[in-house]
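Comments concern the structure below.
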Amino acid sequence: MRSRQSQPTQADRLRHRLKWLELIFGCAFLAIILRLAYWQIWKHTELSMVAANQYESSQRLSSQRGWILDNAGRILVGNREEYTLFTQPHILQNTPDEIAEKIAPIIMTTLESTPLQATDSAWLKSQQKDLEDRLENLLSDPNRQWVALANGLNREQRQAIEDLEIHAIGFDTRYARYYPDASLSAQLLGFVGKTDLGDDQGYFGLEGFYDLELRGREGVLHQQRTALGLPLLLSQSQKLKEDQGSSLTLTIDRHLQAAIEEKLLTGLERYGAVSGEVIVMDPQTGAILAMASFPNYDPAEFWQYPAGYYRNPVVSDLYEPGSTQKIVTMAIGIETGAVTPDTTCPDCDGPRVINGFSIKTWDGVYNPDISMRDALAKSDNTAMVFVSEQIGASRFLQKLRDFGYNEKTGVDLQGEAQYSFREDKEWREVDTATASFGQGIASTSLQLTRAAAAIANGGKLLQPYVVAKVTQGDQVIETKPKVIRQVISPQTAKTVTDMMVYTASQGDAKWALPEGVSVAGKTGTAQIAGEGGYISDKTIASFIGFAPAENPQFVMLVKLREPTSSPWGSETAAPLWFEILTDVLK
């Protein structure tokens with residue numbers, strides 16, 4: 001008999017289904033637990049950061065860069081407010097095309113254009129249409145919570161846009177450099193550019209040297225905001241206050257600087273020179289009273305000029321000083337006792353041949369038994385060779401080092417150059433001979449001016465400086481004059497000063513000497529070195545001196561590169577020096 005299989009009852013089927021539901025719900029619950037654990041434990045840090053970015057904001061607060069003032073407190077470099085126009089596209093109430101059409105004409109007022117373009121209605125209409133298209137594109141992405149529409153807007157433009165009362169439009173404030181006198185003192189001041197990260201950075205001159213002091217410290221504002229990006233009124237905000245940069249008060253006199261730049265520019269045109277420099281220094285303290293050079297540039301628009309214009313040639317360019325070097329050679333000769341003003345030269349009746357090189361006078365005229373006083377006045381090269389020989393090569397080179405030819409002056413300007421002064425064994429006899437009259441040796445204009453100042457002040461080699469004081473709030477740090485070393489005795493300085501007075505009144509530039517003031521000075525006409533020798537038809541004309549000779553108030557160097565009206569310093573740099581004299585002595 002076949003056994004009969006029992007059939008599952010309805011209750012059995014229900015229990016079976018319940019077990020499957022329990023298994024499914026159990027798995028689902030386990031999945032939820034695991035998922036929650038994943039977000040709460042493994043992804044906790046990331047989610048916290050996302051939440052913080054959603055509901056918290058950090059805003060950088062611009063700090064004002066320190067001001068730069070002249071010695072009377074007049075502004076040479078200041079700051080002015082500029083504004084960045086921004087919007088929040090995700091909460092705009094007006095359409096992008098409507099906003100773009102309203103604000104484009106206002107932004108257009110800062111568009112750079114030539115005078116011809118500014119009067120071309122078709123060009124202006126085309127530019128405005130392009131601007132409207134760019135603005136509409138920026139305004140049309142609702143996923144962006146913040147976007148900049150325009151930079152560098154002025155106060156009038158900001159007010160005009162605010163008057164439109166457009167929702168979700170705002171402004172960020174920053175400070176930009178302002179130069180009341182445009183290019184005045186450009187290479188002395190330097191400029192403010194940008195780093196690779198977009199931060200302000202001082203370059204060249206004072207802006208570069210004192211960048212850390214000038215830049216100040218940015219502030220930070222932490223705020224909580226809603227999902228729409230609006231600040232929570234009842235939330236707590238934290239603000240780290242910005243600190244304004246230190247201000248610099250210079251030794252420079254703005255009026256003197258302007259007068260000198262005007263005369264230098266006129267001199268360049270009159271004498272057909274390609275460039276020129278003037279430096280005026282207080283020989284008693286080392287303070288720089290004026291420092292001018294051309295060609296220059298406008299620091300507010302530095303990017304429109306060749307990069308070569310940024311360097312300050314007074315401190316950055318080395319050159320062979322030529323006959324102005326002879327006052328240093330004579331000072332060394334008298335200090336070491338090798339010669340006196342009345343010493344005569346037994347070897348000055350013709351060219352000197354040294355190491356196979358013939359050394360001649362600049363005018364081909366020779367003066368047998370010439371005195372050192374007349375040798376300086378006549379700028380006799382062979383007499384200077386005689387002086388260096390009487391001193392001795394080793395002692396002569398050491399005294400040149402003492403005068404600072406192997407070191408930077410330490411002036412507080414970025415980009416100072418330094419002559420690579422060779423070891424004694426590397427100097428041939430002809431090298432020391434030519435160095436005595438300023439050939440085969442190099443210096444900056446500032447180094448030579450400092451050497452002349454040592455003669456003017458009784459023998460003290462000073463550290464030049466441009467900043468008289470640094471001010472940060474109530475704290476003021478003043479610059480004190482610094483003596484590097486005593487290079488010659490006061491008596492030697494007095495003797496050489498008398499010789500320079502004689503040179504100015506009896507030398508080749510005596511025709512330009514004004515009446516009523518005693519000047520100690522010396523002309524210079526230096527050849528310019530080229531490949532394989534010196535360029536025959538190009539010179540650097542200069543005049544160095546100080547006044548009044550009995551109590552010097554200033555020492556000044558005027559230098560013209562490649563004058564075409566005359567190659568001689570006596571006919572170009574010297575008369576310009578005497579023209580500027582009246583401004584310096586005011």
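Identifiers for the structure tokens are assigned positionally: chains receive A, B, ... in sequence, residues are indexed from 1 per chain, and ligands are indexed from 1 in the order shown.
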* To do: Considering only C-alpha atoms, return as a list in words whatever protein or nucleic-acid residues lie within 8 Å of segment 252-267 of chain A, sequence-local ones (same chain, fewer than 6 positions apart) excluded.
  =>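 These residues fall inside the cut-off: Asp70, Asn71, Ala72, Arg74, Leu76, Leu184, Ser185, Gly276, Glu277, Val278, Ile288, Leu289, Ala290, Met291, Ala292, Ser293, Phe294, Val466, Leu576, Glu579, Ile580, Asp583 and Val584 of chain A.
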* Asked: If you run DSSP on the backbone, which residues of segment 118-180 of chain A are strand (DSSP E or B), as a PyMOL selection string?
  -> chain A and resi 147-153+169-178
* Structure fact -> atom CA of Val314 of chain A sits from atom CA of Tyr297 of chain A at a separation of 15.3 Å
* Asked: If you count only C-alpha atoms, which residues fall within 6 Å of Trp67 of chain A, apart from same-chain ones fewer than 2 positions away, as a list in words?
  -> Val77, Gly78 and Ser247 of chain A
* **Which of segment 128-322 of chain A fall in helix (DSSP H, G or I), as a PyMOL selection string** => chain A and resi 128-139+155-162+186-189+205-209+211-215+254-271+299-304+307-309+313-316+322
* Rank A:Trp577, A:Thr329, A:Gly308, A:Thr492 by their smallest atom-to-atom distance to Arg395 of chain A, using only C-alpha atoms, and report the top residue only. =>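 Looking at the shortest contact to Arg395 of chain A, the residue is A:Thr329.
Atom to atom, atom CA of Phe543 of chain A and atom CA of Met500 of chain A stand 11.7 Å apart.
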* Would you list the contacts of Thr449 of chain A as number ranges by chain, taking every protein, DNA or RNA residue within 9 Å and counting only C-alpha atoms, but skipping same-chain residues closer than 2 positions in sequence? => A: 279-281, 444-447, 451-454, 544-545, 555-557
Could you turn the residues from that selection into a file that holds C-alpha atoms, as a compact mmCIF listing (two decimals), in the first residue's frame?
```txt
# COMPACT_ATOMS: atom_id res chain seq x y z
CA ILE A 279 73.11 111.01 -6.16
CA VAL A 280 73.25 113.52 -3.30
CA MET A 281 74.47 112.37 0.12
CA THR A 444 78.88 101.54 -8.22
CA SER A 445 77.98 105.22 -8.21
CA LEU A 446 77.10 104.92 -4.53
CA GLN A 447 80.47 103.39 -3.64
CA ALA A 451 84.51 107.35 -0.89
CA ALA A 452 84.27 111.07 -1.73
CA ALA A 453 82.18 111.60 1.41
CA ALA A 454 85.03 110.16 3.48
CA ILE A 544 82.05 114.30 -8.22
CA GLY A 545 82.35 116.96 -5.56
CA VAL A 555 78.54 115.31 -1.69
CA MET A 556 77.12 114.79 -5.19
CA LEU A 557 77.88 112.66 -8.21
```
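Using only C-alpha atoms, the residues found no farther than 9 Å from Arg155 of chain A, other than those of its own chain fewer than 5 positions away, are Glu81, Glu82, Tyr83 and Ala160 of chain A.
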* Structure fact -> Here atom CA of Thr525 of chain A and atom CA of Gly364 of chain A stand apart by 14.8 Å
* Nearest residue to Thr84 of chain A from the set A:Cys27, A:Ala512, A:Ala150, A:Ala122 (distances using only C-alpha atoms) ->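 Residue with the minimum atom-to-atom distance to Thr84 of chain A: A:Ala150.
Restricting the calculation to only C-alpha atoms, the smallest distance between Asn137 of chain A and any of A:Asp172, A:Asp181, A:Asp97, A:Glu389 is found for A:Asp97.
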* Tell me which of A:Gly524, A:Pro351, A:Gly356, A:Pro89 sits closest to Lys326 of chain A, counting only C-alpha atoms. =>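 When distances to Lys326 of chain A are compared using only C-alpha atoms, the smallest one comes from A:Gly524.
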* Near segment 128-131 of chain A, within 7 Å and counting only C-alpha atoms, which residues show up once chain neighbours fewer than 6 positions away are dropped, as an MDAnalysis selection string? -> chainID A and resid 104:105 108
Quick one: write out the picked residues with N, CA and C atoms as a CSV table (one decimal), in the first residue's frame?
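The resulting result.csv:
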```
chain,number,residue,atom,x,y,z
A,104,ALA,N,27.5,96.4,-16.8
A,104,ALA,CA,28.6,96.5,-17.8
A,104,ALA,C,29.0,97.9,-18.1
A,105,PRO,N,28.1,98.9,-18.3
A,105,PRO,CA,28.5,100.2,-18.6
A,105,PRO,C,29.3,100.9,-17.5
A,108,MET,N,32.8,99.4,-17.6
A,108,MET,CA,33.5,99.8,-18.8
A,108,MET,C,34.3,101.1,-18.6
```
